[in-house]
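For reference, the structure discussed in these notes is given below.
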Amino acid sequence: MSSYSIHLASPSEYEEAIALRIHVFVDIQKFPLDEEIDEYDPLAQHFVITHKERAHKVVGTLRVYTAGENAKIGRVAVSPEYQGQGLGKRLLEHLEKHLQRDAAFKQCKEAKLGSQYDKRVFYEKCGFVARGDIYDELGCPHIWMYKPINHAMI
């Protein structure tokens, strides 16, 4: 993992993260472009995973923001050529540690994300549990998934 760095996105890395999200969600998965950037982006903290040996290219991203007692995770994306290497899992593990120590998330009891239904097994392997019914988001089945935030681990 030493070839990679996981951290809060700088302004230029944020722009790269947006481009990656558009590539994954719009170009590949065919979600509408006008739905990709939304009102939560300015509120969120954006994390990236960069490849140190490739000029710190952004190869993965996610965002998180507070939503009541939940830390709402979204827009989790890893560049297709880097998928299957455990980078998405490492990104979520880094975020979990961040949620345990960042005062902005102190009131949050759980991390919550809306998983594409066919991607839920990945999140289950990362410790998330599905709750509730399958719901439709832009023509794609999704399910809410949750993971407790253990603030005692700080």
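Order determines the names: the first chain of the structure tokens is A, the second B, and so forth; residues in each chain are numbered 1 upward, and ligands are numbered 1 upward as they are shown.
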Go through region 31-108 of chain A and flag each residue having an atom no more than 8 Å from region 115-137 of chain A; for those, report the closest pair of atoms plus their distance in Å to one decimal, using only C-alpha atoms, ordered by chain and rising number, as JSON lines.
{"residue": "A:Lys89", "atom": "CA", "partner": "A:Cys126", "partner_atom": "CA", "distance": 6.4}
{"residue": "A:Leu92", "atom": "CA", "partner": "A:Cys126", "partner_atom": "CA", "distance": 7.6}
{"residue": "A:Glu93", "atom": "CA", "partner": "A:Cys126", "partner_atom": "CA", "distance": 7.9}
Region 1-152 of chain A: residues DSSP assigns to strand (DSSP E), reported as a PyMOL selection string: chain A and resi 4-8+45-51+57-67+70-78+110-116+129-137+140-148
Contact residues around Arg75 (chain A) with only C-alpha atoms at 9 Å, ignoring same-chain residues under 4 positions, as a list in words: Arg21, Phe25, Glu36, Thr61, Leu62, Arg63 and Val64 of chain A
Based on the selection just made, write C-alpha atoms of those residues as a PDB file, in the first residue's frame.
ATOM      1  CA  ARG A  21     -16.857  10.086 -10.387  1.00  0.00           C
ATOM      2  CA  PHE A  25     -20.978   6.837 -12.636  1.00  0.00           C
ATOM      3  CA  GLU A  36     -23.633  13.516 -10.192  1.00  0.00           C
ATOM      4  CA  THR A  61     -12.633   8.784  -3.933  1.00  0.00           C
ATOM      5  CA  LEU A  62     -15.574   9.069  -1.583  1.00  0.00           C
ATOM      6  CA  ARG A  63     -17.401  11.797   0.271  1.00  0.00           C
ATOM      7  CA  VAL A  64     -18.895  11.980   3.746  1.00  0.00           C
TER       8      VAL A  64
END
Residues within 7 Å of Ile149 (chain A), only C-alpha atoms, excluding chain neighbours under 4 positions, as a count of residues only: 4
Atomic distance CA of His46 (chain A) - CA of Pro11 (chain A), expressed in Å with one decimal: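 Taking CA of His46 (chain A) as the start and CA of Pro11 (chain A) as the end point, the length is 9.9 Å.
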Closest pair table for region 16-81 of chain A residues within 8 Å of region 2-6 of chain A, only C-alpha atoms, as a tab-separated table:
residue	atom	partner	partner_atom	distance
A:Phe47	CA	A:Ile6	CA	7.0
A:Val48	CA	A:Ile6	CA	5.7
A:Ile49	CA	A:Ile6	CA	4.4
A:Thr50	CA	A:Ser5	CA	5.2
A:His51	CA	A:Tyr4	CA	4.6
A:Lys52	CA	A:Ser3	CA	5.3
A:Glu53	CA	A:Ser3	CA	6.3
Residues near Gly114 (chain A), cut-off 7 Å, only C-alpha atoms, skip fewer than 3 positions along chain, as a list in words: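 What passes the distance filter is His142, Ile143, Trp144 and Met145 of chain A.
Between Lys112 (chain A) and the candidates A:Lys147, A:Lys30, A:His7, A:His23, the tightest atom-to-atom separation, counting only C-alpha atoms, involves A:Lys147.
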Coordinates-based distance that separates CA of Leu95 (chain A) from CA of Ala55 (chain A) (Å, one decimal):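 Going from CA of Ala55 (chain A) over to CA of Leu95 (chain A) covers 23.0 Å.
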Ser79 (chain A) environment, 7 Å, only C-alpha atoms, sequence neighbours closer than 4 positions dropped, as an MDAnalysis selection string: chainID A and resid 20 59:60 83
Distance in Å - CA of Phe105 (chain A) versus CA of Ile18 (chain A):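 Going from CA of Phe105 (chain A) over to CA of Ile18 (chain A), I get 23.4 Å.
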Sel. of alpha helix (DSSP H) residues, chain A, as JSON, numbers by chain: {"A": [11, 12, 13, 14, 15, 16, 17, 18, 19, 20, 21, 33, 34, 35, 36, 87, 88, 89, 90, 91, 92, 93, 94, 95, 96, 97, 98, 99, 100, 101, 120, 121, 122, 123, 124, 125]}
Top pick for closest residue to His56 (chain A), considering A:Glu69, A:Asp27, A:Asp102, A:Glu13 and counting only C-alpha atoms: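 The answer is A:Glu13, which sits nearest to His56 (chain A).
Of the residues listed (A:Ile28, A:Glu96, A:Leu113, A:Gly139), A:Leu113 shows the shortest atom-to-atom separation from Asn70 (chain A); distances use only C-alpha atoms.
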